[in-house]
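Student: Please see the structure below; I have some questions.
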Amino acid sequence: MSLLELKNISKIYGELKALDNVSINVEKGEWLAIMGPSGSGKSTMMNIIGCMDKPSLGEVLLDGVDISKESAKNLTTIRRDKIGLIFQQFHLVNYLTAVENVMVAQYYHSLPDEKEAMEALARVGLSERAKHLPSQLSGGEQQRVCVARALINHPEVVLADEPTGNLDEANENIVLDLFRQLHREGTTLIVVTHDPEVAEAAQRTIVLDHGRVAREVINENFAD
Amino acid sequence: MSKRKMFFRMITASLIRRRSRMLVAMLAIVVGAAILSGLVTIYYDVPRQMGAQFRSYGANMLFMAGQGQSSFTMEDVDKGLSHIDSGNLVGVAPYRYESVLINEKPTIAAGTDMAGAKSTSPYWFVSGEWPDESGEVLIGKKVASTFKLVAGSEMSVRYILEASGDEVEDATMDFTVTGVLDTGGAEEEYIFISLSDMEALTRKENAIDLAELSVSASQAELESYVKDIGDHVPEITPRLVKRVTQSETTVLSKLQALVLLVTVIVLALTMICVSTTMMAVVSERRREIGLRKALGASDGSIIAEFMGEGLLLGGVGGLLGSGLGFVFAQGISVNVFNSSISFQPLLVPVTVIVSILVTGLACLQPVRSATDVDPALVLKGE
Ligand SMILES: Nc1ncnc2c1ncn2[C@@H]1O[C@H](COP(=O)(O)OP(=O)(O)O)[C@@H](O)[C@H]1O
Ligand SMILES: [Mg+2]
């Protein structure tokens, strides 16, 4: 059984089909990239996988559970327990320090544990900056805090929407290296990106166009 | 770390590190709480103090001339007083009223015992000094303005002893003004001299028109005194008066109604200000709310966090406000009522609780709107 199965899902806004009969399987531990022009439905798909939205048609099985039929309340619980999110705009709470931002995710999930949060920051190389506010961190550092936050609760799937969209080359490489490390540890990764370089780091790329799967590319050169 | 500890860490961080926005709401709460606690202090404390003064010292009994007589003597007064337990007598002020001429203008002069008048009319406000020697006079405010007199001025008082046709026999005495009397009543049109000066001026001794007494006793005791004196001292007609206490009560109840009204208005304004600020705070923090939801926050935790911030703000604001309110009430009390007030410790928790309630009420709508935020917005490229 795949970890995630999208079965003929569509998302319809009035006349517009943001997603049009899409079917995708993602295996446990897989690293998948999703590409496509702006407006092709990438974020819509991430919202559905991330339990923040429901498809108009079709089924979404996450760990065997059909999340397309769950109530908003249950979706919150599933998202909290199984999904780690990384955003293009980082979305750190601006009045909390780096370590506190990581602890917020623990707080909603189970219990805040400062020591564990510090270890997660150490993993992304930010031990020294743990007590800094987001405004005192560079973009790359902020995104690394996001990565630490996404990982802190050991999610089944990490979803990243344009994680390197606001980063320079050097920071993009730091984040990609973190992803490689996660992949080696068995984390399932789904990364939306515009950047072919980021997509090439993944095992497989799905290209969306006008809400449909236009192409699927297996990365022959994937290096662990 | 416990969840509760993290909860407080988050909401205090939000208040402390996002100062500028919260300061506005905080200021509204502090001002509201200060006015609330200040006015409540005045509401309770000043009437209590003024009432106590009126009740224990103000004139509450009069001696008037007995049936068929126009005046009475000091000996009659003493006879009357002998029926009142001496421990209950706070003060007595005999008065004799005569019409005199000041600059040829008829004015009422009262001869009295200044110390007695002071004790039976404690609410008289004298700018300057009370007279304490022969030749000194206390003048009413209206008299002072009519004749352009101030403390220290010299004045002549003329009294017509007898007038028949063109023949006028009169007497004149010179006085030094020691003070100007402000009572808000008819006394402002009078001048006050000592009984002995009055006797010298009018050449008539020991004739008293009225005596004001301040007796500290229950209503029942007062009534029995009046009955005793009426039965045993025919030269005197004793009467109980409620004039001062009654007008005191009406003034105070009007004052209290005003205070209540102002308090309600101030609380309503505070609530509007806090509500508007919280509304702005929620819309400013939509992304953060979306993020928290995306991280798995339930509507309940979003409500708890925003309410927690609001209530903490209300509590701290209420605490600061109750302190400030005391200072404010003390200032008013000293400047307006001439009495200082005692700090009421109970008012602190009351103010804090009211502030928390008002803030909580003000936050209801903003917090509800916070739960409407869609977590999906964090993935929108806004
Ligand atoms: N809430 C919505 N209501 C209506 N249309 C929407 C909504 N969300 C997205 N869309 C539309 O769906 C299409 C796909 O959007 P999106 O998934 O955000 O694309 P991408 O992330 O690939 O740029 C776009 O045309 C967008 O305008
Ligand atoms: Mg998008």
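Residues in the structure tokens are named by chain (A, B, ... in the order shown) and by number from 1 within that chain; ligands are numbered from 1 in the order shown.
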Quick one: residues within 8 Å of Asn153 (chain A), only C-alpha atoms, excluding same-chain residues fewer than 6 positions away - as a PDB file with N, CA, C and O atoms, in the first residue's frame?
Tutor:
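The new file out_16.pdb reads:
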ATOM      1  N   ASP A  81      -0.786  15.380  13.281  1.00  0.00           N
ATOM      2  CA  ASP A  81      -0.056  14.154  13.598  1.00  0.00           C
ATOM      3  C   ASP A  81       0.819  13.651  12.459  1.00  0.00           C
ATOM      4  O   ASP A  81       1.802  12.959  12.702  1.00  0.00           O
ATOM      5  N   GLY A  84       4.213  17.542   8.045  1.00  0.00           N
ATOM      6  CA  GLY A  84       5.112  18.646   8.380  1.00  0.00           C
ATOM      7  C   GLY A  84       5.097  19.612   7.210  1.00  0.00           C
ATOM      8  O   GLY A  84       5.181  19.197   6.057  1.00  0.00           O
ATOM      9  N   ALA A 105       5.056  24.060  17.381  1.00  0.00           N
ATOM     10  CA  ALA A 105       4.593  22.837  16.709  1.00  0.00           C
ATOM     11  C   ALA A 105       4.451  21.692  17.706  1.00  0.00           C
ATOM     12  O   ALA A 105       3.506  20.904  17.633  1.00  0.00           O
ATOM     13  N   GLN A 106       5.383  21.623  18.652  1.00  0.00           N
ATOM     14  CA  GLN A 106       5.266  20.594  19.704  1.00  0.00           C
ATOM     15  C   GLN A 106       4.030  20.838  20.558  1.00  0.00           C
ATOM     16  O   GLN A 106       3.317  19.913  20.929  1.00  0.00           O
ATOM     17  N   HIS A 109       1.013  19.644  18.955  1.00  0.00           N
ATOM     18  CA  HIS A 109       1.064  18.211  18.699  1.00  0.00           C
ATOM     19  C   HIS A 109       0.941  17.402  19.984  1.00  0.00           C
ATOM     20  O   HIS A 109       0.106  16.530  20.117  1.00  0.00           O
TER      21      HIS A 109
END
Student: Give the residues of chain A that lie within 6 Å of chain B; count only C-alpha atoms, and format the answer as a ChimeraX atom specification.
Tutor: /A:52,76,80,95,105,108,111-113
Student: For the residues in the current selection, export N, CA and C atoms as a PDB file, in the first residue's frame.
Tutor:
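Now in part_16.pdb:
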ATOM      1  N   MET A  52      -5.686  20.629   4.419  1.00  0.00           N
ATOM      2  CA  MET A  52      -6.215  21.967   4.671  1.00  0.00           C
ATOM      3  C   MET A  52      -7.376  22.261   3.741  1.00  0.00           C
ATOM      4  N   THR A  76      -7.770  18.564  11.061  1.00  0.00           N
ATOM      5  CA  THR A  76      -6.794  19.274  11.905  1.00  0.00           C
ATOM      6  C   THR A  76      -5.942  18.264  12.675  1.00  0.00           C
ATOM      7  N   ARG A  80      -1.964  17.596  12.112  1.00  0.00           N
ATOM      8  CA  ARG A  80      -1.070  17.790  13.241  1.00  0.00           C
ATOM      9  C   ARG A  80      -0.181  16.565  13.457  1.00  0.00           C
ATOM     10  N   TYR A  95       7.062  37.163  16.838  1.00  0.00           N
ATOM     11  CA  TYR A  95       7.417  37.591  18.192  1.00  0.00           C
ATOM     12  C   TYR A  95       7.946  36.441  19.047  1.00  0.00           C
ATOM     13  N   ALA A 105       5.056  24.060  17.381  1.00  0.00           N
ATOM     14  CA  ALA A 105       4.593  22.837  16.709  1.00  0.00           C
ATOM     15  C   ALA A 105       4.451  21.692  17.706  1.00  0.00           C
ATOM     16  N   TYR A 108       1.156  22.208  19.831  1.00  0.00           N
ATOM     17  CA  TYR A 108      -0.113  21.772  19.260  1.00  0.00           C
ATOM     18  C   TYR A 108      -0.156  20.263  19.089  1.00  0.00           C
ATOM     19  N   LEU A 111       3.546  17.745  23.680  1.00  0.00           N
ATOM     20  CA  LEU A 111       4.061  18.583  24.762  1.00  0.00           C
ATOM     21  C   LEU A 111       5.300  19.333  24.304  1.00  0.00           C
ATOM     22  N   PRO A 112       5.413  20.609  24.653  1.00  0.00           N
ATOM     23  CA  PRO A 112       6.626  21.343  24.301  1.00  0.00           C
ATOM     24  C   PRO A 112       7.825  20.760  25.069  1.00  0.00           C
ATOM     25  N   ASP A 113       8.937  20.640  24.378  1.00  0.00           N
ATOM     26  CA  ASP A 113      10.143  20.093  24.997  1.00  0.00           C
ATOM     27  C   ASP A 113      11.316  20.904  24.459  1.00  0.00           C
TER      28      ASP A 113
END
Student: Taking a cut-off of 7 Å and counting only C-alpha atoms and all ligand atoms, can you build a table that, for each residue of chain A near ligand 2, reports the nearest atom pair and how far apart they are in Å (one decimal), sorted by chain then residue number, as JSON lines?
Tutor:
{"residue": "A:Ser38", "atom": "CA", "partner": "ligand 2", "partner_atom_place_in_ligand_line": "1 (Mg)", "distance": 6.6}
{"residue": "A:Gly39", "atom": "CA", "partner": "ligand 2", "partner_atom_place_in_ligand_line": "1 (Mg)", "distance": 6.9}
{"residue": "A:Lys42", "atom": "CA", "partner": "ligand 2", "partner_atom_place_in_ligand_line": "1 (Mg)", "distance": 5.6}
{"residue": "A:Ser43", "atom": "CA", "partner": "ligand 2", "partner_atom_place_in_ligand_line": "1 (Mg)", "distance": 4.2}
Student: Please identify the residues whose atoms come within 9 Å of ligand 1, using only C-alpha atoms and all ligand atoms, and report them as a PyMOL selection string.
Tutor: (chain A and resi 11-14+16-19+35-47+161+192+208-211) or (chain B and resi 379-381)
Student: With a distance cut-off of 10 Å and only C-alpha atoms, select the neighbouring residues of Phe343 (chain B), excluding the residue or stretch itself and same-chain residues fewer than 2 positions from it, and output the selection as an MDAnalysis selection string.
Tutor: chainID B and resid 41 45 323 326:327 329:330 340:341 345:348
Student: Quick one: distance from CA of His91 (chain A) to CA of Thr164 (chain A) in Å, one decimal?
Tutor: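 Distance reported for this atom pair: 13.6 Å.
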Student: Excluding His183 (chain A) and any residue of its chain fewer than 5 positions from it, enumerate the residues within 12 Å of it, using only C-alpha atoms, and give them as a PyMOL selection string.
Tutor: chain A and resi 28-32+156-158+176-178+188-190+201-203+222-224
Student: Please save C-alpha atoms of the selected residues as a PDB file, in the first residue's frame.
Tutor:
ATOM      1  CA  LYS A  28       6.695   5.751   1.926  1.00  0.00           C
ATOM      2  CA  GLY A  29      10.162   7.278   1.942  1.00  0.00           C
ATOM      3  CA  GLU A  30       9.842   8.644  -1.562  1.00  0.00           C
ATOM      4  CA  TRP A  31      11.050  12.102  -2.607  1.00  0.00           C
ATOM      5  CA  LEU A  32       8.668  13.639  -5.084  1.00  0.00           C
ATOM      6  CA  GLU A 156       4.780  10.839   7.915  1.00  0.00           C
ATOM      7  CA  VAL A 157       5.069  13.347   5.098  1.00  0.00           C
ATOM      8  CA  VAL A 158       6.916  16.639   4.778  1.00  0.00           C
ATOM      9  CA  LEU A 176      18.570  20.727  -0.328  1.00  0.00           C
ATOM     10  CA  ASP A 177      21.272  19.068   1.747  1.00  0.00           C
ATOM     11  CA  LEU A 178      18.848  18.942   4.660  1.00  0.00           C
ATOM     12  CA  THR A 188       8.631  11.063   2.707  1.00  0.00           C
ATOM     13  CA  LEU A 189       9.124  14.399   0.938  1.00  0.00           C
ATOM     14  CA  ILE A 190       6.818  16.238  -1.459  1.00  0.00           C
ATOM     15  CA  ALA A 201      17.309  16.659  -6.506  1.00  0.00           C
ATOM     16  CA  ALA A 202      14.162  14.542  -6.133  1.00  0.00           C
ATOM     17  CA  GLN A 203      13.621  10.939  -7.230  1.00  0.00           C
ATOM     18  CA  PHE A 222      19.242  10.493  -8.424  1.00  0.00           C
ATOM     19  CA  ALA A 223      22.087  10.189  -5.986  1.00  0.00           C
ATOM     20  CA  ASP A 224      21.440   9.280  -2.425  1.00  0.00           C
TER      21      ASP A 224
END
Student: Going by DSSP on the backbone, which residues of region 53-219 of chain A come out as helix (DSSP H, G or I)? List them as a PyMOL selection string.
Tutor: chain A and resi 67-69+72-82+98-109+114-123+127-129+134-136+139-151+169-184+196-200
Student: If DSSP is run on the backbone, what residues of region 37-279 of chain B are strand (DSSP E or B)? A reply as a PyMOL selection string would be ideal.
Tutor: chain B and resi 61-65+72+89-102+105-112+125-128+136-140+154-164+167-182+190-194+208+210-215+236-240
Student: Could you list, as a PyMOL selection string, every residue within 6 Å of region 131-141 of chain A, counting only C-alpha atoms and ignoring same-chain residues fewer than 2 positions away?
Tutor: chain A and resi 94+97-98+129+143-144+171
Student: Go ahead and save the picked residues with all heavy atoms, as a PDB file, in the first residue's frame.
Tutor:
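Below is the file out09.pdb, written as the result:
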ATOM      1  N   ASN A  94       6.452  35.978  14.391  1.00  0.00           N
ATOM      2  CA  ASN A  94       7.527  36.977  14.442  1.00  0.00           C
ATOM      3  C   ASN A  94       7.905  37.436  15.853  1.00  0.00           C
ATOM      4  O   ASN A  94       8.936  38.035  16.062  1.00  0.00           O
ATOM      5  CB  ASN A  94       7.198  38.181  13.546  1.00  0.00           C
ATOM      6  CG  ASN A  94       5.882  38.837  13.947  1.00  0.00           C
ATOM      7  OD1 ASN A  94       5.352  38.590  15.028  1.00  0.00           O
ATOM      8  ND2 ASN A  94       5.352  39.673  13.074  1.00  0.00           N
ATOM      9  N   THR A  97      11.008  33.432  19.507  1.00  0.00           N
ATOM     10  CA  THR A  97      12.373  33.128  19.097  1.00  0.00           C
ATOM     11  C   THR A  97      12.362  31.850  18.258  1.00  0.00           C
ATOM     12  O   THR A  97      11.352  31.152  18.175  1.00  0.00           O
ATOM     13  CB  THR A  97      13.272  32.895  20.316  1.00  0.00           C
ATOM     14  OG1 THR A  97      12.743  31.789  21.048  1.00  0.00           O
ATOM     15  CG2 THR A  97      13.322  34.109  21.221  1.00  0.00           C
ATOM     16  N   ALA A  98      13.524  31.564  17.646  1.00  0.00           N
ATOM     17  CA  ALA A  98      13.634  30.383  16.782  1.00  0.00           C
ATOM     18  C   ALA A  98      13.197  29.135  17.543  1.00  0.00           C
ATOM     19  O   ALA A  98      12.362  28.363  17.057  1.00  0.00           O
ATOM     20  CB  ALA A  98      15.075  30.244  16.292  1.00  0.00           C
ATOM     21  N   ARG A 129      21.737  30.383  17.048  1.00  0.00           N
ATOM     22  CA  ARG A 129      20.739  31.426  16.773  1.00  0.00           C
ATOM     23  C   ARG A 129      19.385  31.122  17.417  1.00  0.00           C
ATOM     24  O   ARG A 129      18.395  31.764  17.096  1.00  0.00           O
ATOM     25  CB  ARG A 129      20.531  31.581  15.251  1.00  0.00           C
ATOM     26  CG  ARG A 129      21.782  31.452  14.412  1.00  0.00           C
ATOM     27  CD  ARG A 129      22.617  32.679  14.358  1.00  0.00           C
ATOM     28  NE  ARG A 129      21.974  33.767  13.650  1.00  0.00           N
ATOM     29  CZ  ARG A 129      22.365  35.032  13.762  1.00  0.00           C
ATOM     30  NH1 ARG A 129      23.375  35.334  14.554  1.00  0.00           N
ATOM     31  NH2 ARG A 129      21.742  35.986  13.115  1.00  0.00           N
ATOM     32  N   GLN A 143      14.366  29.764   6.969  1.00  0.00           N
ATOM     33  CA  GLN A 143      13.841  28.561   6.338  1.00  0.00           C
ATOM     34  C   GLN A 143      14.342  27.318   7.066  1.00  0.00           C
ATOM     35  O   GLN A 143      13.632  26.322   7.155  1.00  0.00           O
ATOM     36  CB  GLN A 143      14.219  28.540   4.839  1.00  0.00           C
ATOM     37  CG  GLN A 143      13.487  27.485   4.038  1.00  0.00           C
ATOM     38  CD  GLN A 143      11.965  27.657   4.083  1.00  0.00           C
ATOM     39  OE1 GLN A 143      11.355  27.605   5.143  1.00  0.00           O
ATOM     40  NE2 GLN A 143      11.360  27.854   2.931  1.00  0.00           N
ATOM     41  N   ARG A 144      15.541  27.401   7.620  1.00  0.00           N
ATOM     42  CA  ARG A 144      16.043  26.246   8.367  1.00  0.00           C
ATOM     43  C   ARG A 144      15.251  26.056   9.657  1.00  0.00           C
ATOM     44  O   ARG A 144      15.011  24.929  10.090  1.00  0.00           O
ATOM     45  CB  ARG A 144      17.545  26.405   8.651  1.00  0.00           C
ATOM     46  CG  ARG A 144      18.374  25.950   7.436  1.00  0.00           C
ATOM     47  CD  ARG A 144      19.568  26.823   7.204  1.00  0.00           C
ATOM     48  NE  ARG A 144      20.607  26.628   8.218  1.00  0.00           N
ATOM     49  CZ  ARG A 144      21.665  27.432   8.354  1.00  0.00           C
ATOM     50  NH1 ARG A 144      21.801  28.491   7.564  1.00  0.00           N
ATOM     51  NH2 ARG A 144      22.558  27.183   9.268  1.00  0.00           N
ATOM     52  N   ASN A 171      21.935  29.272   0.254  1.00  0.00           N
ATOM     53  CA  ASN A 171      20.939  28.773   1.195  1.00  0.00           C
ATOM     54  C   ASN A 171      20.094  27.667   0.576  1.00  0.00           C
ATOM     55  O   ASN A 171      19.661  26.752   1.266  1.00  0.00           O
ATOM     56  CB  ASN A 171      20.065  29.920   1.694  1.00  0.00           C
ATOM     57  CG  ASN A 171      20.757  30.701   2.811  1.00  0.00           C
ATOM     58  OD1 ASN A 171      21.108  30.118   3.830  1.00  0.00           O
ATOM     59  ND2 ASN A 171      20.992  31.976   2.584  1.00  0.00           N
TER      60      ASN A 171
END
Student: Out of B:Gly165, B:Gly179, B:Gly87, B:Gly317, which residue has the shortest atom-to-atom distance to Phe125 (chain B) when counting only C-alpha atoms?
Tutor: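 Counting only C-alpha atoms, the residue closest to Phe125 (chain B) is B:Gly179.
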Student: Would you list the contacts of Arg158 (chain B) as a PDB file with all heavy atoms, in the first residue's frame, taking every protein, DNA or RNA residue within 10 Å and counting only C-alpha atoms, but skipping same-chain residues closer than 4 positions in sequence?
Tutor:
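Written out: selection-v3.pdb:
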ATOM      1  N   SER B  99     -30.618  93.960  62.077  1.00  0.00           N
ATOM      2  CA  SER B  99     -30.382  94.646  60.813  1.00  0.00           C
ATOM      3  C   SER B  99     -29.461  95.829  61.072  1.00  0.00           C
ATOM      4  O   SER B  99     -29.731  96.638  61.971  1.00  0.00           O
ATOM      5  CB  SER B  99     -31.716  95.119  60.233  1.00  0.00           C
ATOM      6  OG  SER B  99     -31.476  95.746  58.999  1.00  0.00           O
ATOM      7  N   VAL B 100     -28.370  95.901  60.362  1.00  0.00           N
ATOM      8  CA  VAL B 100     -27.405  97.002  60.534  1.00  0.00           C
ATOM      9  C   VAL B 100     -27.208  97.685  59.192  1.00  0.00           C
ATOM     10  O   VAL B 100     -27.716  97.224  58.167  1.00  0.00           O
ATOM     11  CB  VAL B 100     -26.047  96.478  61.058  1.00  0.00           C
ATOM     12  CG1 VAL B 100     -26.216  95.845  62.436  1.00  0.00           C
ATOM     13  CG2 VAL B 100     -25.423  95.507  60.067  1.00  0.00           C
ATOM     14  N   LEU B 101     -26.483  98.809  59.228  1.00  0.00           N
ATOM     15  CA  LEU B 101     -26.205  99.511  57.966  1.00  0.00           C
ATOM     16  C   LEU B 101     -24.712  99.459  57.679  1.00  0.00           C
ATOM     17  O   LEU B 101     -23.899  99.755  58.540  1.00  0.00           O
ATOM     18  CB  LEU B 101     -26.656 100.971  58.076  1.00  0.00           C
ATOM     19  CG  LEU B 101     -28.165 101.181  58.232  1.00  0.00           C
ATOM     20  CD1 LEU B 101     -28.469 102.641  58.568  1.00  0.00           C
ATOM     21  CD2 LEU B 101     -28.904 100.761  56.966  1.00  0.00           C
ATOM     22  N   ILE B 102     -24.399  99.056  56.488  1.00  0.00           N
ATOM     23  CA  ILE B 102     -23.006  99.126  56.029  1.00  0.00           C
ATOM     24  C   ILE B 102     -23.058 100.032  54.810  1.00  0.00           C
ATOM     25  O   ILE B 102     -23.797  99.754  53.865  1.00  0.00           O
ATOM     26  CB  ILE B 102     -22.472  97.743  55.626  1.00  0.00           C
ATOM     27  CG1 ILE B 102     -22.562  96.800  56.828  1.00  0.00           C
ATOM     28  CG2 ILE B 102     -21.045  97.831  55.104  1.00  0.00           C
ATOM     29  CD1 ILE B 102     -22.264  95.362  56.508  1.00  0.00           C
ATOM     30  N   ASN B 103     -22.307 101.141  54.857  1.00  0.00           N
ATOM     31  CA  ASN B 103     -22.402 102.155  53.793  1.00  0.00           C
ATOM     32  C   ASN B 103     -23.861 102.521  53.523  1.00  0.00           C
ATOM     33  O   ASN B 103     -24.286 102.596  52.379  1.00  0.00           O
ATOM     34  CB  ASN B 103     -21.781 101.645  52.486  1.00  0.00           C
ATOM     35  CG  ASN B 103     -20.274 101.583  52.568  1.00  0.00           C
ATOM     36  OD1 ASN B 103     -19.688 102.005  53.582  1.00  0.00           O
ATOM     37  ND2 ASN B 103     -19.650 101.055  51.532  1.00  0.00           N
ATOM     38  N   GLU B 104     -24.632 102.656  54.576  1.00  0.00           N
ATOM     39  CA  GLU B 104     -26.045 103.024  54.501  1.00  0.00           C
ATOM     40  C   GLU B 104     -26.917 101.942  53.876  1.00  0.00           C
ATOM     41  O   GLU B 104     -28.067 102.156  53.563  1.00  0.00           O
ATOM     42  CB  GLU B 104     -26.247 104.356  53.723  1.00  0.00           C
ATOM     43  CG  GLU B 104     -25.585 105.560  54.383  1.00  0.00           C
ATOM     44  CD  GLU B 104     -26.012 105.717  55.847  1.00  0.00           C
ATOM     45  OE1 GLU B 104     -27.228 105.663  56.129  1.00  0.00           O
ATOM     46  OE2 GLU B 104     -25.112 105.847  56.707  1.00  0.00           O
ATOM     47  N   LYS B 105     -26.358 100.768  53.675  1.00  0.00           N
ATOM     48  CA  LYS B 105     -27.133  99.687  53.079  1.00  0.00           C
ATOM     49  C   LYS B 105     -27.505  98.682  54.160  1.00  0.00           C
ATOM     50  O   LYS B 105     -26.631  98.208  54.881  1.00  0.00           O
ATOM     51  CB  LYS B 105     -26.289  98.987  52.005  1.00  0.00           C
ATOM     52  CG  LYS B 105     -27.079  98.730  50.738  1.00  0.00           C
ATOM     53  CD  LYS B 105     -26.235  98.104  49.676  1.00  0.00           C
ATOM     54  CE  LYS B 105     -27.106  97.091  48.962  1.00  0.00           C
ATOM     55  NZ  LYS B 105     -26.449  96.479  47.844  1.00  0.00           N
ATOM     56  N   PRO B 106     -28.792  98.339  54.291  1.00  0.00           N
ATOM     57  CA  PRO B 106     -29.195  97.393  55.332  1.00  0.00           C
ATOM     58  C   PRO B 106     -28.620  96.007  55.074  1.00  0.00           C
ATOM     59  O   PRO B 106     -28.684  95.506  53.949  1.00  0.00           O
ATOM     60  CB  PRO B 106     -30.723  97.354  55.240  1.00  0.00           C
ATOM     61  CG  PRO B 106     -31.113  98.457  54.327  1.00  0.00           C
ATOM     62  CD  PRO B 106     -29.933  98.792  53.479  1.00  0.00           C
ATOM     63  N   ASP B 170     -28.090 106.714  66.832  1.00  0.00           N
ATOM     64  CA  ASP B 170     -27.428 105.513  66.298  1.00  0.00           C
ATOM     65  C   ASP B 170     -26.117 105.242  66.994  1.00  0.00           C
ATOM     66  O   ASP B 170     -25.676 106.025  67.842  1.00  0.00           O
ATOM     67  CB  ASP B 170     -27.209 105.645  64.788  1.00  0.00           C
ATOM     68  CG  ASP B 170     -26.275 106.806  64.457  1.00  0.00           C
ATOM     69  OD1 ASP B 170     -25.814 107.494  65.399  1.00  0.00           O
ATOM     70  OD2 ASP B 170     -26.008 107.005  63.266  1.00  0.00           O
ATOM     71  N   ALA B 171     -25.516 104.104  66.674  1.00  0.00           N
ATOM     72  CA  ALA B 171     -24.209 103.724  67.208  1.00  0.00           C
ATOM     73  C   ALA B 171     -23.396 103.148  66.069  1.00  0.00           C
ATOM     74  O   ALA B 171     -23.944 102.509  65.175  1.00  0.00           O
ATOM     75  CB  ALA B 171     -24.367 102.690  68.309  1.00  0.00           C
ATOM     76  N   THR B 172     -22.108 103.404  66.087  1.00  0.00           N
ATOM     77  CA  THR B 172     -21.248 102.882  65.006  1.00  0.00           C
ATOM     78  C   THR B 172     -20.034 102.205  65.615  1.00  0.00           C
ATOM     79  O   THR B 172     -19.502 102.658  66.628  1.00  0.00           O
ATOM     80  CB  THR B 172     -20.784 104.040  64.099  1.00  0.00           C
ATOM     81  OG1 THR B 172     -21.937 104.666  63.541  1.00  0.00           O
ATOM     82  CG2 THR B 172     -19.903 103.513  62.972  1.00  0.00           C
ATOM     83  N   MET B 173     -19.652 101.063  65.034  1.00  0.00           N
ATOM     84  CA  MET B 173     -18.442 100.376  65.494  1.00  0.00           C
ATOM     85  C   MET B 173     -17.586 100.036  64.284  1.00  0.00           C
ATOM     86  O   MET B 173     -18.119  99.739  63.220  1.00  0.00           O
ATOM     87  CB  MET B 173     -18.820  99.065  66.203  1.00  0.00           C
ATOM     88  CG  MET B 173     -18.931  99.203  67.720  1.00  0.00           C
ATOM     89  SD  MET B 173     -19.399  97.627  68.450  1.00  0.00           S
ATOM     90  CE  MET B 173     -17.823  96.914  68.770  1.00  0.00           C
ATOM     91  N   ASP B 174     -16.272 100.070  64.471  1.00  0.00           N
ATOM     92  CA  ASP B 174     -15.365  99.697  63.375  1.00  0.00           C
ATOM     93  C   ASP B 174     -14.883  98.268  63.571  1.00  0.00           C
ATOM     94  O   ASP B 174     -14.618  97.840  64.692  1.00  0.00           O
ATOM     95  CB  ASP B 174     -14.165 100.646  63.333  1.00  0.00           C
ATOM     96  CG  ASP B 174     -14.599 102.045  62.922  1.00  0.00           C
ATOM     97  OD1 ASP B 174     -15.616 102.133  62.176  1.00  0.00           O
ATOM     98  OD2 ASP B 174     -13.955 103.015  63.350  1.00  0.00           O
ATOM     99  N   LEU B 201     -22.845  97.100  70.452  1.00  0.00           N
ATOM    100  CA  LEU B 201     -23.353  97.894  69.335  1.00  0.00           C
ATOM    101  C   LEU B 201     -24.826  98.249  69.549  1.00  0.00           C
ATOM    102  O   LEU B 201     -25.239  99.387  69.330  1.00  0.00           O
ATOM    103  CB  LEU B 201     -23.157  97.131  68.023  1.00  0.00           C
ATOM    104  CG  LEU B 201     -23.650  97.820  66.745  1.00  0.00           C
ATOM    105  CD1 LEU B 201     -22.788  99.047  66.431  1.00  0.00           C
ATOM    106  CD2 LEU B 201     -23.609  96.858  65.564  1.00  0.00           C
ATOM    107  N   THR B 202     -25.592  97.256  70.007  1.00  0.00           N
ATOM    108  CA  THR B 202     -27.038  97.475  70.077  1.00  0.00           C
ATOM    109  C   THR B 202     -27.489  97.918  71.465  1.00  0.00           C
ATOM    110  O   THR B 202     -28.648  98.215  71.677  1.00  0.00           O
ATOM    111  CB  THR B 202     -27.791  96.183  69.724  1.00  0.00           C
ATOM    112  OG1 THR B 202     -27.381  95.164  70.657  1.00  0.00           O
ATOM    113  CG2 THR B 202     -27.470  95.719  68.320  1.00  0.00           C
TER     114      THR B 202
END
Student: As a list in words, please: the residues near Thr270 (chain B) (cut-off 7 Å, only C-alpha atoms, same-chain neighbours under 4 positions excluded).
Tutor: Ala28, Ile29, Gly32, Val266 and Val274 of chain B
Student: Write a file of the just-selected residues containing N, CA, C and O atoms, as a JSON list (two decimals), in the first residue's frame.
Tutor:
[["chain", "number", "residue", "atom", "x", "y", "z"],
["B", 28, "ALA", "N", -5.92, 52.09, 26.80],
["B", 28, "ALA", "CA", -7.37, 52.22, 26.96],
["B", 28, "ALA", "C", -7.82, 51.54, 28.24],
["B", 28, "ALA", "O", -8.62, 52.09, 29.00],
["B", 29, "ILE", "N", -7.28, 50.35, 28.48],
["B", 29, "ILE", "CA", -7.70, 49.62, 29.68],
["B", 29, "ILE", "C", -7.22, 50.33, 30.94],
["B", 29, "ILE", "O", -7.97, 50.47, 31.90],
["B", 32, "GLY", "N", -9.33, 53.37, 31.44],
["B", 32, "GLY", "CA", -10.68, 52.93, 31.85],
["B", 32, "GLY", "C", -10.68, 52.44, 33.29],
["B", 32, "GLY", "O", -11.52, 52.84, 34.09],
["B", 266, "VAL", "N", -17.39, 55.48, 30.37],
["B", 266, "VAL", "CA", -15.96, 55.22, 30.22],
["B", 266, "VAL", "C", -15.72, 53.74, 29.93],
["B", 266, "VAL", "O", -14.91, 53.38, 29.06],
["B", 274, "VAL", "N", -10.83, 48.70, 22.97],
["B", 274, "VAL", "CA", -10.17, 47.40, 23.05],
["B", 274, "VAL", "C", -10.65, 46.50, 21.91],
["B", 274, "VAL", "O", -9.87, 45.82, 21.25]]
